[in-house]
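Undergrad: Enclosed is the structure file data_35.cif (mmCIF, C-alpha atoms and all ligand atoms).
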data_upload
loop_
_atom_site.label_atom_id
_atom_site.label_comp_id
_atom_site.auth_asym_id
_atom_site.auth_seq_id
_atom_site.Cartn_x
_atom_site.Cartn_y
_atom_site.Cartn_z
CA MET A 1361 68.22 112.14 136.05
CA ALA A 1362 68.67 108.47 135.41
CA LYS A 1363 70.05 106.38 138.22
CA LEU A 1364 72.37 103.47 137.84
CA GLN A 1365 71.95 100.50 140.12
CA LYS A 1366 75.19 99.62 141.82
CA SER A 1367 75.84 96.19 143.12
CA SER A 1368 78.77 93.92 143.80
CA GLY A 1369 79.67 90.60 142.27
CA ASN A 1370 78.46 89.96 138.80
CA TYR A 1371 75.77 91.07 136.40
CA SER A 1372 75.52 87.94 134.38
CA GLY A 1373 72.23 87.20 136.09
CA HIS A 1374 72.90 83.49 136.69
CA HIS A 1375 72.87 83.86 140.41
CA ASN A 1376 69.47 85.45 140.89
CA ALA A 1377 69.72 89.13 140.14
CA PRO A 1378 68.78 91.39 143.03
CA MET A 1379 65.09 92.08 142.68
CA SER A 1380 64.26 93.90 145.88
CA GLY A 1381 63.65 97.13 144.00
CA SER A 1382 65.06 99.12 146.90
CA HIS A 1383 67.25 101.51 144.97
CA HIS A 1384 68.89 103.28 147.83
CA LEU A 1385 70.58 106.53 147.04
CA PRO A 1386 73.80 106.78 149.02
CA SER A 1387 73.90 109.32 151.80
CA ILE A 1388 76.46 112.03 151.13
CA ASP A 1389 78.22 111.78 154.50
CA ASN A 1390 79.66 108.40 153.63
CA VAL A 1391 82.95 108.76 151.74
CA ASP A 1392 82.64 105.42 149.93
CA ASP A 1393 79.14 106.25 148.79
CA LEU A 1394 80.30 109.61 147.51
CA ALA A 1395 83.00 107.87 145.46
CA ASP A 1396 80.31 105.52 144.18
CA LEU A 1397 78.19 108.44 143.04
CA GLU A 1398 81.13 109.95 141.19
CA ASN A 1399 81.84 106.67 139.42
CA ILE A 1400 78.23 106.33 138.41
CA GLU A 1401 78.23 109.87 137.05
CA THR A 1402 81.36 109.03 134.98
CA ALA A 1403 79.67 105.85 133.73
CA MET A 1404 76.54 107.76 132.73
CA GLN A 1405 78.63 110.27 130.80
CA ALA A 1406 80.54 107.47 129.07
CA SER A 1407 77.33 105.86 127.84
CA HIS A 1408 76.64 109.04 125.84
CA LYS A 1409 80.06 109.03 124.13
CA SER A 1410 80.67 107.76 120.63
CA VAL A 1411 83.04 104.92 119.83
CA VAL A 1412 86.28 105.13 117.87
CA SER A 1413 87.08 101.61 116.72
CA ARG A 1414 90.09 99.93 115.16
CA GLU A 1415 91.45 96.51 114.31
CA LYS A 1416 94.26 95.01 116.38
CA GLU A 1417 97.28 95.40 114.16
CA ILE A 1418 99.46 92.41 113.48
CA GLY A 1419 102.51 92.66 115.71
CA GLU A 1420 100.98 95.28 117.98
CA MET A 1421 101.75 94.75 121.68
CA ALA A 1422 99.00 94.09 124.24
CA GLU A 1423 97.93 97.13 126.23
CA LYS A 1424 98.28 97.75 129.95
CA PRO A 1425 95.17 99.82 130.56
CA SER A 1426 95.01 102.55 133.14
CA GLY A 1427 91.35 102.54 134.05
CA PRO A 1428 88.39 100.19 133.77
CA VAL A 1429 88.01 97.99 130.71
CA GLY A 1430 85.03 96.51 128.88
CA LEU A 1431 85.64 93.19 127.14
CA ASP A 1432 83.25 91.59 124.66
CA ILE A 1433 84.15 87.92 124.31
CA GLY A 1434 82.18 86.96 121.21
CA THR A 1435 82.19 83.88 119.01
CA SER A 1436 83.61 85.87 116.09
CA HIS A 1437 85.42 88.80 117.68
CA ILE A 1438 86.88 89.91 120.97
CA VAL A 1439 86.46 93.65 121.49
CA MET A 1440 88.13 95.69 124.21
CA ALA A 1441 86.81 99.14 125.18
CA GLN A 1442 88.43 101.91 127.21
CA ASN A 1443 87.28 105.35 128.25
CA ALA A 1444 89.42 107.94 126.45
CA GLY A 1445 88.54 111.60 126.88
CA ARG A 1446 85.69 112.54 124.60
CA HIS A 1447 85.42 109.09 123.05
CA ILE A 1448 85.44 105.43 123.85
CA ASN A 1449 88.25 103.57 122.13
CA THR A 1450 87.72 100.00 121.07
CA VAL A 1451 90.18 97.51 119.60
CA HIS A 1452 88.94 94.31 118.02
CA GLN A 1453 90.73 91.04 117.49
CA LEU A 1454 89.51 88.01 115.54
CA ASN A 1455 88.60 85.12 117.86
CA ALA A 1456 90.17 82.51 115.59
CA PHE A 1457 93.33 80.46 115.10
CA PHE A 1458 95.20 78.40 112.55
CA THR A 1459 97.81 75.69 113.04
CA ILE A 1460 100.91 75.01 110.95
CA PRO A 1461 103.72 72.46 111.47
CA TYR A 1462 106.64 73.45 113.68
CA SER A 1463 110.04 74.23 112.21
CA LYS A 1464 112.88 76.41 113.43
CA PHE A 1465 112.95 78.19 110.10
CA THR A 1466 109.24 79.00 110.18
CA LYS A 1467 109.61 80.24 113.74
CA LYS A 1468 112.22 82.75 112.67
CA ILE A 1469 110.01 83.96 109.82
CA LEU A 1470 106.97 84.27 112.10
CA VAL A 1471 108.95 86.27 114.65
CA GLU A 1472 110.39 88.55 111.98
CA ASN A 1473 106.91 89.23 110.64
CA ASP A 1474 105.47 90.02 114.08
CA ILE A 1475 102.93 87.20 113.85
CA THR A 1476 101.11 86.43 117.11
CA PHE A 1477 101.59 82.72 117.82
CA TYR A 1478 102.67 80.10 120.31
CA ALA A 1479 104.22 76.67 119.82
CA LYS A 1480 102.89 73.43 121.26
CA ASP A 1481 103.20 69.74 120.35
CA ASP A 1482 105.14 70.30 117.11
CA GLN A 1483 102.67 72.92 115.94
CA PHE A 1484 102.47 76.67 115.76
CA TYR A 1485 99.16 78.20 116.79
CA ILE A 1486 98.68 81.40 114.80
CA LEU A 1487 96.23 83.73 116.52
CA GLY A 1488 93.68 86.42 115.65
CA TYR A 1489 93.80 88.35 112.39
CA SER A 1490 97.12 86.69 111.49
CA ALA A 1491 95.26 83.37 111.40
CA GLU A 1492 92.85 84.73 108.83
CA ASN A 1493 95.71 85.61 106.47
CA PHE A 1494 97.12 82.09 106.78
CA ALA A 1495 93.73 80.46 106.22
CA ASN A 1496 93.23 82.54 103.08
CA MET A 1497 96.64 81.47 101.76
CA PHE A 1498 95.75 77.81 102.31
CA ASN A 1499 92.28 78.40 100.89
CA THR A 1500 90.59 77.07 103.99
CA ASN A 1501 88.83 78.34 107.11
CA THR A 1502 90.28 79.45 110.43
CA ARG A 1503 89.36 77.45 113.51
CA ARG A 1504 87.37 79.00 116.32
CA THR A 1505 87.85 78.79 120.08
CA MET A 1506 84.16 79.31 120.72
CA GLU A 1507 80.99 77.91 119.29
CA LYS A 1508 77.50 79.32 119.79
CA GLY A 1509 78.66 81.85 122.36
CA ILE A 1510 80.74 79.64 124.66
CA LEU A 1511 84.01 77.71 124.67
CA SER A 1512 83.93 75.06 121.99
CA SER A 1513 83.80 71.50 123.24
CA HIS A 1514 85.29 70.33 119.93
CA GLU A 1515 88.63 72.11 120.22
CA ASP A 1516 91.00 70.62 122.83
CA GLU A 1517 93.19 73.68 122.66
CA GLY A 1518 90.22 76.11 122.78
CA ILE A 1519 90.89 77.41 126.28
CA THR A 1520 94.60 77.99 125.80
CA VAL A 1521 94.04 79.66 122.45
CA LEU A 1522 91.26 81.90 123.78
CA GLN A 1523 93.47 82.89 126.71
CA SER A 1524 96.33 83.74 124.34
CA ILE A 1525 94.01 85.82 122.16
CA ILE A 1526 92.79 87.72 125.23
CA SER A 1527 96.40 88.30 126.26
CA SER A 1528 97.15 89.72 122.81
CA LEU A 1529 94.81 92.57 123.86
CA LEU A 1530 95.38 92.78 127.63
CA ALA A 1531 98.87 92.66 129.13
CA LYS A 1532 99.68 91.38 132.60
CA THR A 1533 99.33 94.12 135.19
CA ASP A 1534 99.65 94.72 138.91
CA LYS A 1535 97.07 97.51 138.98
CA GLN A 1536 93.97 95.39 139.60
CA GLU A 1537 91.93 97.35 137.05
CA VAL A 1538 88.29 96.33 136.72
CA VAL A 1539 87.53 94.29 133.60
CA CYS A 1540 83.86 93.83 132.91
CA PHE A 1541 83.50 90.95 130.43
CA SER A 1542 80.42 89.85 128.54
CA MET A 1543 78.72 86.55 129.27
CA PRO A 1544 75.90 84.88 127.37
CA GLY A 1545 72.64 84.15 129.11
CA VAL A 1546 71.66 80.52 129.65
CA PRO A 1547 70.49 79.12 126.29
CA VAL A 1548 66.80 78.19 126.22
CA ASP A 1549 67.42 75.82 123.32
CA GLY A 1550 70.60 74.06 124.40
CA SER A 1551 72.23 72.37 127.33
CA ALA A 1552 75.52 74.23 127.21
CA SER A 1553 77.23 75.18 130.47
CA VAL A 1554 77.65 78.91 130.70
CA VAL A 1555 79.05 78.64 134.23
CA TYR A 1556 82.13 76.70 133.09
CA HIS A 1557 82.84 79.27 130.37
CA GLU A 1558 82.42 82.15 132.83
CA SER A 1559 84.70 80.61 135.47
CA ILE A 1560 87.49 79.86 133.01
CA ILE A 1561 87.54 83.45 131.78
CA LYS A 1562 87.27 84.91 135.25
CA MET A 1563 90.22 82.85 136.52
CA TYR A 1564 92.35 83.82 133.56
CA LEU A 1565 91.65 87.57 133.83
CA ALA A 1566 92.43 87.39 137.56
CA SER A 1567 95.71 85.62 136.80
CA LEU A 1568 96.64 88.54 134.51
CA GLY A 1569 96.17 90.89 137.49
CA TYR A 1570 92.70 92.30 136.74
CA ARG A 1571 89.50 92.42 138.79
CA PRO A 1572 87.03 90.54 136.58
CA ILE A 1573 83.26 91.09 136.74
CA SER A 1574 80.88 89.44 134.30
CA ILE A 1575 77.99 91.24 132.62
CA ASN A 1576 75.20 89.64 130.66
CA GLU A 1577 75.56 90.54 126.99
CA GLY A 1578 71.95 91.70 126.69
CA LEU A 1579 72.41 93.94 129.73
CA ALA A 1580 75.57 95.37 128.12
CA THR A 1581 73.40 96.50 125.18
CA ILE A 1582 71.12 98.24 127.67
CA MET A 1583 74.02 99.93 129.49
CA SER A 1584 75.31 101.21 126.17
CA GLU A 1585 72.06 102.30 124.50
CA LEU A 1586 69.33 102.99 127.06
CA ALA A 1587 70.82 105.67 129.34
CA ASP A 1588 68.05 108.11 128.41
CA ASP A 1589 65.45 105.50 129.34
CA ASN A 1590 66.78 105.02 132.87
CA PHE A 1591 68.36 101.75 131.71
CA THR A 1592 64.89 100.24 131.54
CA GLY A 1593 63.93 98.19 128.50
CA ILE A 1594 64.89 95.15 126.47
CA GLY A 1595 68.43 94.74 125.12
CA ILE A 1596 69.04 92.23 122.35
CA SER A 1597 72.50 91.42 121.04
CA MET A 1598 72.45 89.43 117.78
CA GLY A 1599 75.91 88.08 117.01
CA GLY A 1600 77.35 85.22 114.99
CA GLY A 1601 76.89 82.29 117.34
CA MET A 1602 73.89 83.36 119.37
CA CYS A 1603 71.42 86.03 120.35
CA ASN A 1604 71.26 87.39 123.90
CA ILE A 1605 68.16 88.93 125.35
CA CYS A 1606 67.80 90.84 128.62
CA LEU A 1607 64.97 92.77 130.21
CA SER A 1608 66.20 95.35 132.66
CA TYR A 1609 64.50 97.65 135.14
CA LEU A 1610 66.65 100.62 136.23
CA SER A 1611 69.84 98.76 135.16
CA VAL A 1612 68.89 95.61 137.15
CA PRO A 1613 68.66 92.52 134.93
CA VAL A 1614 65.18 91.16 135.67
CA LEU A 1615 65.44 88.23 133.29
CA ASN A 1616 67.78 87.12 130.55
CA PHE A 1617 68.25 84.20 128.22
CA SER A 1618 69.94 83.33 124.94
CA ILE A 1619 69.15 81.37 121.82
CA GLN A 1620 71.99 79.50 120.14
CA LYS A 1621 71.24 80.81 116.68
CA GLY A 1622 72.58 83.93 115.01
CA GLY A 1623 74.42 85.03 111.88
CA ASP A 1624 76.26 81.69 111.55
CA TYR A 1625 72.89 79.91 111.50
CA ILE A 1626 71.70 82.11 108.64
CA ASP A 1627 74.93 81.41 106.68
CA ALA A 1628 74.68 77.65 107.23
CA MET A 1629 70.97 77.34 106.40
CA VAL A 1630 71.15 79.54 103.31
CA GLY A 1631 74.27 77.66 102.16
CA ALA A 1632 72.53 74.31 102.57
CA SER A 1633 69.42 75.58 100.77
CA VAL A 1634 71.20 76.87 97.68
CA GLY A 1635 74.18 74.48 97.64
CA GLU A 1636 76.92 77.04 98.29
CA PRO A 1637 79.57 77.15 101.04
CA ALA A 1638 78.51 79.11 104.14
CA THR A 1639 81.60 81.32 103.86
CA ARG A 1640 80.47 82.57 100.45
CA ILE A 1641 76.98 83.27 101.80
CA LYS A 1642 78.56 85.19 104.70
CA MET A 1643 80.47 87.38 102.23
CA ILE A 1644 77.33 88.19 100.25
CA LYS A 1645 75.37 88.82 103.45
CA GLU A 1646 77.96 91.20 104.86
CA GLY A 1647 78.66 92.86 101.54
CA THR A 1648 75.43 93.66 99.73
CA LEU A 1649 72.37 92.33 101.54
CA ASN A 1650 69.53 94.85 101.66
CA LEU A 1651 66.51 93.49 103.50
CA ALA A 1652 64.48 96.54 102.49
CA SER A 1653 64.46 95.70 98.79
CA THR A 1654 62.78 92.80 96.97
CA PRO A 1655 65.26 89.89 96.91
CA GLN A 1656 66.89 89.11 93.56
CA GLY A 1657 67.97 85.53 92.90
CA ARG A 1658 68.16 82.40 95.04
CA VAL A 1659 70.77 83.54 97.57
CA GLU A 1660 69.03 86.82 98.40
CA THR A 1661 65.67 85.08 98.63
CA ALA A 1662 67.07 82.47 101.01
CA LEU A 1663 68.84 85.16 103.08
CA ASP A 1664 65.55 86.99 103.41
CA ILE A 1665 63.75 83.80 104.44
CA TYR A 1666 66.30 82.90 107.12
CA TYR A 1667 66.50 86.44 108.49
CA VAL A 1668 62.73 86.31 108.98
CA ASP A 1669 63.08 82.82 110.47
CA LEU A 1670 65.75 83.92 113.00
CA VAL A 1671 63.80 87.01 114.12
CA SER A 1672 60.57 85.04 114.38
CA HIS A 1673 62.29 82.33 116.47
CA LEU A 1674 63.81 84.99 118.73
CA LEU A 1675 60.53 86.86 119.24
CA SER A 1676 58.37 83.81 119.81
CA THR A 1677 60.91 82.60 122.38
CA LEU A 1678 60.77 86.04 124.04
CA GLU A 1679 56.97 85.86 124.08
CA HIS A 1680 57.10 82.41 125.67
CA VAL A 1681 59.70 83.42 128.29
CA LEU A 1682 57.80 86.59 129.25
CA LYS A 1683 54.51 84.76 129.51
CA THR A 1684 55.87 81.92 131.63
CA THR A 1685 58.29 83.74 133.93
CA ASP A 1686 57.44 84.44 137.53
CA LYS A 1687 59.88 87.35 137.56
CA MET A 1688 57.87 89.68 135.39
CA PRO A 1689 57.83 93.13 136.96
CA ASN A 1690 54.78 95.37 136.90
CA ILE A 1691 55.93 97.94 134.41
CA ASN A 1692 53.40 100.59 133.48
CA ASN A 1693 55.29 102.39 130.75
CA PRO A 1694 56.00 100.88 127.32
CA LEU A 1695 59.56 99.53 126.98
CA PRO A 1696 62.10 100.35 124.26
CA ILE A 1697 63.99 97.55 122.52
CA ALA A 1698 67.66 98.18 121.63
CA LEU A 1699 69.27 95.90 119.03
CA SER A 1700 73.01 95.35 118.62
CA GLY A 1701 75.54 92.86 117.15
CA GLY A 1702 76.71 92.23 113.61
CA THR A 1703 73.50 90.50 112.55
CA VAL A 1704 71.45 93.74 112.84
CA LEU A 1705 73.69 95.57 110.33
CA PRO A 1706 71.92 94.99 106.97
CA LYS A 1707 69.75 97.79 105.66
CA GLY A 1708 66.09 97.17 106.38
CA PHE A 1709 66.72 95.05 109.48
CA LYS A 1710 64.79 97.35 111.83
CA ASN A 1711 61.75 97.15 109.60
CA LEU A 1712 61.98 93.37 109.38
CA PHE A 1713 62.22 93.18 113.18
CA GLU A 1714 59.20 95.48 113.64
CA LYS A 1715 57.19 93.31 111.26
CA GLY A 1716 58.11 90.24 113.33
CA LEU A 1717 57.10 92.11 116.49
CA ARG A 1718 53.60 92.68 115.13
CA LYS A 1719 53.20 88.91 114.69
CA VAL A 1720 53.77 88.07 118.36
CA ASN A 1721 51.78 89.01 121.39
CA LEU A 1722 54.23 90.16 124.05
CA PRO A 1723 52.77 90.73 127.52
CA VAL A 1724 54.55 94.12 127.68
CA GLU A 1725 54.01 97.14 125.49
CA ILE A 1726 56.94 98.19 123.29
CA SER A 1727 57.54 101.92 122.77
CA GLU A 1728 60.07 101.67 119.94
CA VAL A 1729 62.75 99.55 118.30
CA ARG A 1730 66.18 101.13 118.10
CA ILE A 1731 69.34 99.94 116.34
CA ALA A 1732 72.48 100.61 118.41
CA ASP A 1733 74.74 103.47 117.30
CA ASP A 1734 77.63 101.13 116.58
CA PRO A 1735 76.33 97.54 116.65
CA LEU A 1736 79.74 95.80 116.52
CA ASN A 1737 81.05 97.77 119.52
CA THR A 1738 77.93 97.95 121.69
CA THR A 1739 78.71 95.03 123.99
CA ALA A 1740 82.26 96.23 124.73
CA LYS A 1741 81.02 99.78 125.31
CA GLY A 1742 78.21 98.65 127.64
CA ALA A 1743 80.62 96.43 129.57
CA MET A 1744 82.97 99.38 129.96
CA VAL A 1745 80.16 101.60 131.26
CA MET A 1746 79.50 98.93 133.88
CA ALA A 1747 83.23 98.65 134.68
CA LEU A 1748 83.44 102.43 135.25
CA SER A 1749 80.62 102.30 137.78
CA GLU A 1750 82.40 99.45 139.60
CA GLU A 1751 85.78 101.11 139.99
CA ILE A 1752 86.88 101.65 143.56
N1 LIG B 1801 77.51 94.11 107.48
C1 LIG B 1801 76.99 92.98 107.96
N2 LIG B 1801 75.80 92.53 107.53
C2 LIG B 1801 75.26 91.39 108.00
N3 LIG B 1801 75.84 90.62 108.93
C3 LIG B 1801 77.04 91.01 109.40
C4 LIG B 1801 77.68 92.20 108.94
N4 LIG B 1801 78.86 92.32 109.59
C5 LIG B 1801 78.95 91.25 110.42
N5 LIG B 1801 77.85 90.47 110.30
C6 LIG B 1801 77.56 89.20 110.98
O1 LIG B 1801 77.53 89.44 112.37
C7 LIG B 1801 77.99 88.26 113.05
C8 LIG B 1801 79.12 88.64 113.96
O2 LIG B 1801 78.66 89.65 114.81
P1 LIG B 1801 79.41 89.95 116.20
O3 LIG B 1801 78.52 90.91 116.91
O4 LIG B 1801 80.82 90.32 115.95
O5 LIG B 1801 79.29 88.48 116.80
P2 LIG B 1801 79.85 87.68 118.02
O6 LIG B 1801 79.24 88.29 119.23
O7 LIG B 1801 79.33 86.31 117.75
O8 LIG B 1801 81.35 87.75 117.99
C9 LIG B 1801 78.43 87.28 111.98
O9 LIG B 1801 77.40 86.35 111.77
C10 LIG B 1801 78.64 88.16 110.77
O10 LIG B 1801 78.42 87.46 109.56
MG MG B 1802 78.85 89.63 120.55
#
I need this file expressed as structure tokens, please.
Ligand SMILES: Nc1ncnc2c1ncn2[C@@H]1O[C@H](COP(=O)(O)OP(=O)(O)O)[C@@H](O)[C@H]1O
Ligand SMILES: [Mg+2]
TA:
Amino acid sequence: MAKLQKSSGNYSGHHNAPMSGSHHLPSIDNVDDLADLENIETAMQASHKSVVSREKEIGEMAEKPSGPVGLDIGTSHIVMAQNAGRHINTVHQLNAFFTIPYSKFTKKILVENDITFYAKDDQFYILGYSAENFANMFNTNTRRTMEKGILSSHEDEGITVLQSIISSLLAKTDKQEVVCFSMPGVPVDGSASVVYHESIIKMYLASLGYRPISINEGLATIMSELADDNFTGIGISMGGGMCNICLSYLSVPVLNFSIQKGGDYIDAMVGASVGEPATRIKMIKEGTLNLASTPQGRVETALDIYYVDLVSHLLSTLEHVLKTTDKMPNINNPLPIALSGGTVLPKGFKNLFEKGLRKVNLPVEISEVRIADDPLNTTAKGAMVMALSEEI
């Protein structure tokens, strides 16, 4: 049976992941170890469950979970996962906001319509899916708290808004439940500070009464998808703002990194190439793109080109990282690759990725490429599996 490495602290991999390889199995006469084993068994079972997902309804109260929680803090969406009998339940909220001028009248209307908002400096900050409705009415875009996977440095209110969006999902508690939240790996192509982002979120979750533990987003993909492979392989999460890559051996993150390109990059580059707004490109991409068929017209052709470009950038970076790292384990068996995140959703993506794989020369053998069961919920599910194994 597969074993799950248990450790304390965090799994974001920034602080030198344990690499001793001494996977001790707890002795049964120790009560704590026995509890550990039970938790790990529960976590293993959870990783085989399917996800039931829903959108956070406007006006719906935040939950007070009883049990460990997985939290995917993504550039586009925040997804919360909980273990629920035969399934895993996830709720997703848009990680976006919109501001409108303050007035007493508007306040009354917002309250009556159950809109999630807070007031500051003569403005109302409308949060989550409610913000999207407002932006559509004003024929403009919502604003985002995060950019390329971490807190945006362009939005002064980013932290407060992100905290409020998180608290629209998670209510204050005194139960000290474990919340495992996703963290990006250090970007190889940027200078962004992941540590700042991680600390801000950790402090906030602790202030709400939870026990926060971070998990690298690539590792979360592995925890969710590679249970039958002893949690050994490469997990790649391809979202809007970035892609996260992790190589794990028996659930231990050996190395991880991120690239600050993803679905948003495709939208922007295609938009610039054909002279259309990125939001329109995004709609076409999410609606009808089929990477398996010959592209028709300028937009489809450009989408195809930039999908190939993104995958090729990701894989050549992976090749470079694997060839230059001094952490490379001696793995004899070929490794599976699991792919998750919204960017892997179009038909034909797996094929496109496999084609890209044949063009690079990775120093490890790959056994297969697998698309996650539910790519938009994989990170939250994997984080929850980790949270279950961490419960005291
Ligand atoms: N059906 C789809 N086809 C192609 N791309 C999609 C689809 N659905 C969502 N996306 C893209 O996936 C990205 C968001 O994925 P997600 O995993 O939620 O990201 P994040 O982790 O950044 O929040 C966006 O770029 C979005 O356009
Ligand atoms: Mg994500």
Undergrad: Tell me, in Å to one decimal, how far CA of Thr1592 (chain A) is from CA of Phe1617 (chain A).
TA: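 Computing it gives 16.7 Å between the two atoms.
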Undergrad: Counting all atoms listed in the file, what is within 12 Å of Asn1590 (chain A), bar same-chain residues fewer than 2 positions away, as a count of residues only?
TA: 25
Undergrad: To one decimal in Å, tell me the separation between atom C8 of ligand LIG 1801 (chain B) and CA of Asp1516 (chain A).
TA: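 Answer for the atom C8 of ligand LIG 1801 (chain B) to CA of Asp1516 (chain A) separation: 23.3 Å.
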Undergrad: Could you tell me which of A:Ser1527, A:Tyr1570, A:Ala1495, A:Val1614 comes closest to Asp1686 (chain A) if we count only C-alpha atoms?
TA: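 Going through A:Ser1527, A:Tyr1570, A:Ala1495, A:Val1614 one by one, the smallest distance to Asp1686 (chain A) is for A:Val1614.
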Undergrad: Separation of CA of Ile1433 (chain A) and atom P2 of ligand LIG 1801 (chain B), in Å?
TA: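 Straight-line distance from CA of Ile1433 (chain A) to atom P2 of ligand LIG 1801 (chain B) works out to 7.6 Å.
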Undergrad: Any residue with an atom at most 10 Å from ligand MG 1802 (chain B) counts, using only C-alpha atoms and all ligand atoms. Which are they? Put them as JSON, numbers by chain.
TA: {"A": [1432, 1433, 1434, 1435, 1436, 1437, 1438, 1439, 1509, 1542, 1543, 1544, 1577, 1578, 1581, 1597, 1598, 1599, 1600, 1601, 1602, 1603, 1604, 1700, 1701, 1702, 1703, 1735, 1736, 1737, 1738, 1739, 1740]}
Undergrad: Please provide as a PyMOL selection string all residues within 10 Å of His1673 (chain A), with the sequence filter that same-chain residues fewer than 6 positions apart are discarded (counting only C-alpha atoms).
TA: chain A and resi 1619+1621+1667+1679+1716
Undergrad: Using all atoms listed in the file, can you tell me which of A:Lys1715, A:Arg1504, A:His1680, A:Lys1467 comes closest to ligand LIG 1801 (chain B)?
TA: A:Arg1504
